[in-house]
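Q: Quick one: this structure, given as structure tokens, is what I'll be asking you about.
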Amino acid sequence: MNKKELSRIFKELGATDPEGWAESQVKEGIPQLARYLFLKGCWDNIVKDGDTTWIHAQIENTPEESDAPFSGIAHALRCLLKAGANPQDISDLVRCTQAELLFSICYQLDDSGSVEGHEHVDWALVQVDDEGRPVDFISGLHESVLETDPTGREMCPKNS
């Protein structure tokens with residue numbers, strides 16, 4: 001794929017600096033489209049900036065007496081709201097924590113040595129073809145986590 005076509009795709013996907021992503025893929029051979037799409041998919045699963053609707057959805061979908069997996073989320077949210085916590089502060093806290101987890105997972109994909117027992121195994125994220133055969137290694141994802149923050153603020157607070 002040429003730079004112009006890649007730039008168009010990156011732009012349609014909402015990338016900041018679509019030309020830069022495309023140029024890097026064409027000139028450096030880095031699978032930037034695969035990297036970007038992986039990170040975009042991850043960000044799609046992180047609490048959206050300013051969204052607090054998930055808080056009440058969690059509470060409404062989890063009975064107070066529930067001991068099901070992940071029910072602790074609703075229990076903690078009930079307690080926080082009862083104690084007077086601001087829903088926006090709760091959402092900001094969760095969003096930041098989720099983004100930190102994304103960064104950590106992306107870093108761990110590149111550095112199995114960061115895990116105790118790493119001498120027994122190694123891993124990688126790879127792009128595959130239509131038949132599931134590896135095409136390219138996708139690395140350095142942690143380097144792009146912040147630049148793919150959909151807000152464009154790289155996880156900095158709104159007022160900074």
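Residue numbering restarts at 1 for every chain of the structure tokens, chains are lettered A, B, ... in their displayed order, and ligands are numbered from 1 as they appear.
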Kindly assemble as JSON lines a list of the stretch 11-121 of chain A residues that lie within 12 Å of stretch 127-131 of chain A, each paired with its nearest atom pair and their distance in Å to one decimal, using only C-alpha atoms, sorted first by chain and then by ascending residue number.

A:
```
{"residue": "A:Ile30", "atom": "CA", "partner": "A:Gln127", "partner_atom": "CA", "distance": 11.5}
{"residue": "A:Pro31", "atom": "CA", "partner": "A:Gln127", "partner_atom": "CA", "distance": 8.4}
{"residue": "A:Gln32", "atom": "CA", "partner": "A:Gln127", "partner_atom": "CA", "distance": 10.8}
{"residue": "A:Leu33", "atom": "CA", "partner": "A:Gln127", "partner_atom": "CA", "distance": 10.2}
{"residue": "A:Ala34", "atom": "CA", "partner": "A:Gln127", "partner_atom": "CA", "distance": 6.8}
{"residue": "A:Arg35", "atom": "CA", "partner": "A:Gln127", "partner_atom": "CA", "distance": 9.0}
{"residue": "A:Tyr36", "atom": "CA", "partner": "A:Gln127", "partner_atom": "CA", "distance": 12.0}
{"residue": "A:Leu37", "atom": "CA", "partner": "A:Gln127", "partner_atom": "CA", "distance": 10.9}
{"residue": "A:Phe38", "atom": "CA", "partner": "A:Gln127", "partner_atom": "CA", "distance": 9.9}
```

Q: Convert the current residue selection to file output with N, CA and C atoms, as an mmCIF file, in the first residue's frame.

A:
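New file again_9.cif:
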```
data_model
loop_
_atom_site.group_PDB
_atom_site.id
_atom_site.type_symbol
_atom_site.label_atom_id
_atom_site.label_comp_id
_atom_site.auth_asym_id
_atom_site.auth_seq_id
_atom_site.Cartn_x
_atom_site.Cartn_y
_atom_site.Cartn_z
ATOM 1 N N ILE A 30 7.513 -0.440 9.372
ATOM 2 C CA ILE A 30 6.832 -0.769 10.630
ATOM 3 C C ILE A 30 5.347 -0.965 10.322
ATOM 4 N N PRO A 31 4.732 -2.041 10.794
ATOM 5 C CA PRO A 31 3.310 -2.284 10.499
ATOM 6 C C PRO A 31 2.395 -1.346 11.305
ATOM 7 N N GLN A 32 2.460 -0.065 10.956
ATOM 8 C CA GLN A 32 1.751 0.954 11.732
ATOM 9 C C GLN A 32 0.238 0.797 11.681
ATOM 10 N N LEU A 33 -0.306 0.367 10.569
ATOM 11 C CA LEU A 33 -1.762 0.191 10.500
ATOM 12 C C LEU A 33 -2.201 -0.884 11.485
ATOM 13 N N ALA A 34 -1.472 -1.975 11.548
ATOM 14 C CA ALA A 34 -1.793 -3.039 12.509
ATOM 15 C C ALA A 34 -1.633 -2.530 13.941
ATOM 16 N N ARG A 35 -0.572 -1.784 14.202
ATOM 17 C CA ARG A 35 -0.348 -1.220 15.534
ATOM 18 C C ARG A 35 -1.486 -0.283 15.911
ATOM 19 N N TYR A 36 -1.821 0.619 14.979
ATOM 20 C CA TYR A 36 -2.871 1.598 15.261
ATOM 21 C C TYR A 36 -4.214 0.912 15.507
ATOM 22 N N LEU A 37 -4.563 -0.050 14.663
ATOM 23 C CA LEU A 37 -5.854 -0.721 14.819
ATOM 24 C C LEU A 37 -5.935 -1.501 16.126
ATOM 25 N N PHE A 38 -4.835 -2.127 16.533
ATOM 26 C CA PHE A 38 -4.837 -2.838 17.810
ATOM 27 C C PHE A 38 -5.097 -1.851 18.947
#
```

Q: Residues of stretch 37-57 of chain A that have any atom at most 8 Å from an atom of stretch 139-159 of chain A: could you tabulate them with the shortest-distance atom pair and the distance in Å to one decimal, using only C-alpha atoms, ordered by chain and increasing number, as a tab-separated table?

A:
```
residue	atom	partner	partner_atom	distance
A:Leu39	CA	A:Val145	CA	6.8
A:Lys40	CA	A:Thr148	CA	6.9
A:Trp43	CA	A:Asp149	CA	7.0
A:Asp49	CA	A:Thr151	CA	7.2
```

Q: Between A:Ser24, A:Asn61, A:Thr53, A:Thr16, which is the closest to A:Asn2 once you count only C-alpha atoms?

A: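 Closest candidate: A:Ser24.
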
Q: Give the answer as one residue: which of A:Leu13, A:Ser112, A:Arg8, A:Val126 has the shortest atom-to-atom distance to A:Gly41, using only C-alpha atoms?

A: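 For A:Gly41, the nearest of the given residues is A:Leu13.
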
Q: List the neighbours of stretch 65-76 of chain A out to 12 Å using only C-alpha atoms; skip same-chain residues closer than 4 positions along the sequence, and give me the result as a list of chain:residue names.

A: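 Result of the neighbour search: A:Trp54, A:Ile55, A:His56, A:Ala57, A:Gln58, A:Ile59, A:Glu60, A:Asn61, A:Leu80, A:Leu81, A:Lys82, A:Ala83, A:Ala85, A:Ile90, A:Val94.
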
Q: I'd like to know which residues of chain A are helix (DSSP H, G or I) (by DSSP, run on the backbone); could you write them as a PyMOL selection string?

A: chain A and resi 3-13+18-28+32-43+53-60+71-82+87-110+112-114+118-120+141-144+146-148

Q: DSSP on the backbone: which residues in stretch 37-142 of chain A end up as strand (DSSP E)? Give the answer as a PDB file with N, CA and C atoms, in the first residue's frame.

A:
```pdb
ATOM      1  N   LEU A 125       2.987 -10.287  19.812  1.00  0.00           N
ATOM      2  CA  LEU A 125       1.766 -10.008  19.085  1.00  0.00           C
ATOM      3  C   LEU A 125       2.159  -9.979  17.617  1.00  0.00           C
ATOM      4  N   VAL A 126       1.440 -10.713  16.793  1.00  0.00           N
ATOM      5  CA  VAL A 126       1.765 -10.763  15.370  1.00  0.00           C
ATOM      6  C   VAL A 126       0.537 -10.467  14.518  1.00  0.00           C
ATOM      7  N   GLN A 127       0.798  -9.859  13.384  1.00  0.00           N
ATOM      8  CA  GLN A 127      -0.234  -9.693  12.369  1.00  0.00           C
ATOM      9  C   GLN A 127      -0.243 -10.979  11.559  1.00  0.00           C
ATOM     10  N   VAL A 128      -1.420 -11.481  11.224  1.00  0.00           N
ATOM     11  CA  VAL A 128      -1.520 -12.718  10.457  1.00  0.00           C
ATOM     12  C   VAL A 128      -2.263 -12.467   9.154  1.00  0.00           C
ATOM     13  N   PRO A 134       1.601 -16.018  10.444  1.00  0.00           N
ATOM     14  CA  PRO A 134       2.231 -14.751  10.827  1.00  0.00           C
ATOM     15  C   PRO A 134       2.769 -13.993   9.617  1.00  0.00           C
ATOM     16  N   VAL A 135       2.494 -12.701   9.593  1.00  0.00           N
ATOM     17  CA  VAL A 135       2.954 -11.831   8.512  1.00  0.00           C
ATOM     18  C   VAL A 135       4.018 -10.871   9.045  1.00  0.00           C
ATOM     19  N   ASP A 136       3.763 -10.319  10.220  1.00  0.00           N
ATOM     20  CA  ASP A 136       4.667  -9.309  10.767  1.00  0.00           C
ATOM     21  C   ASP A 136       4.523  -9.247  12.280  1.00  0.00           C
ATOM     22  N   PHE A 137       5.628  -8.951  12.952  1.00  0.00           N
ATOM     23  CA  PHE A 137       5.585  -8.736  14.383  1.00  0.00           C
ATOM     24  C   PHE A 137       5.093  -7.317  14.650  1.00  0.00           C
ATOM     25  N   ILE A 138       4.250  -7.178  15.650  1.00  0.00           N
ATOM     26  CA  ILE A 138       3.760  -5.861  16.064  1.00  0.00           C
ATOM     27  C   ILE A 138       4.422  -5.579  17.407  1.00  0.00           C
TER      28      ILE A 138
END
```

Q: Leaving out A:Ser7 and any residue of its chain fewer than 5 positions from it, which residues lie within 7 Å of it when counting only C-alpha atoms, given as a PyMOL selection string?

A: chain A and resi 18-19+22

Q: Would you mind exporting the chosen residues as an mmCIF file, in the first residue's frame, restricted to C-alpha atoms?

A:
```
data_model
loop_
_atom_site.group_PDB
_atom_site.id
_atom_site.type_symbol
_atom_site.label_atom_id
_atom_site.label_comp_id
_atom_site.auth_asym_id
_atom_site.auth_seq_id
_atom_site.Cartn_x
_atom_site.Cartn_y
_atom_site.Cartn_z
ATOM 1 C CA PRO A 18 -2.270 10.183 9.543
ATOM 2 C CA GLU A 19 0.567 11.143 7.191
ATOM 3 C CA ALA A 22 1.636 6.203 6.874
#
```

Q: Restricting the calculation to only C-alpha atoms, which member of A:Asp122, A:Glu23, A:Asp17, A:Asp44 is positioned closest to A:Arg95?

A: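 Looking only at the distances to A:Arg95, the closest residue turns out to be A:Asp44.
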
Q: Please compute the atom CA of A:Pro87-atom CA of A:Cys42 distance, one decimal, in Å.

A: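 Atom-to-atom, atom CA of A:Pro87 and atom CA of A:Cys42 are spaced 23.0 Å apart.
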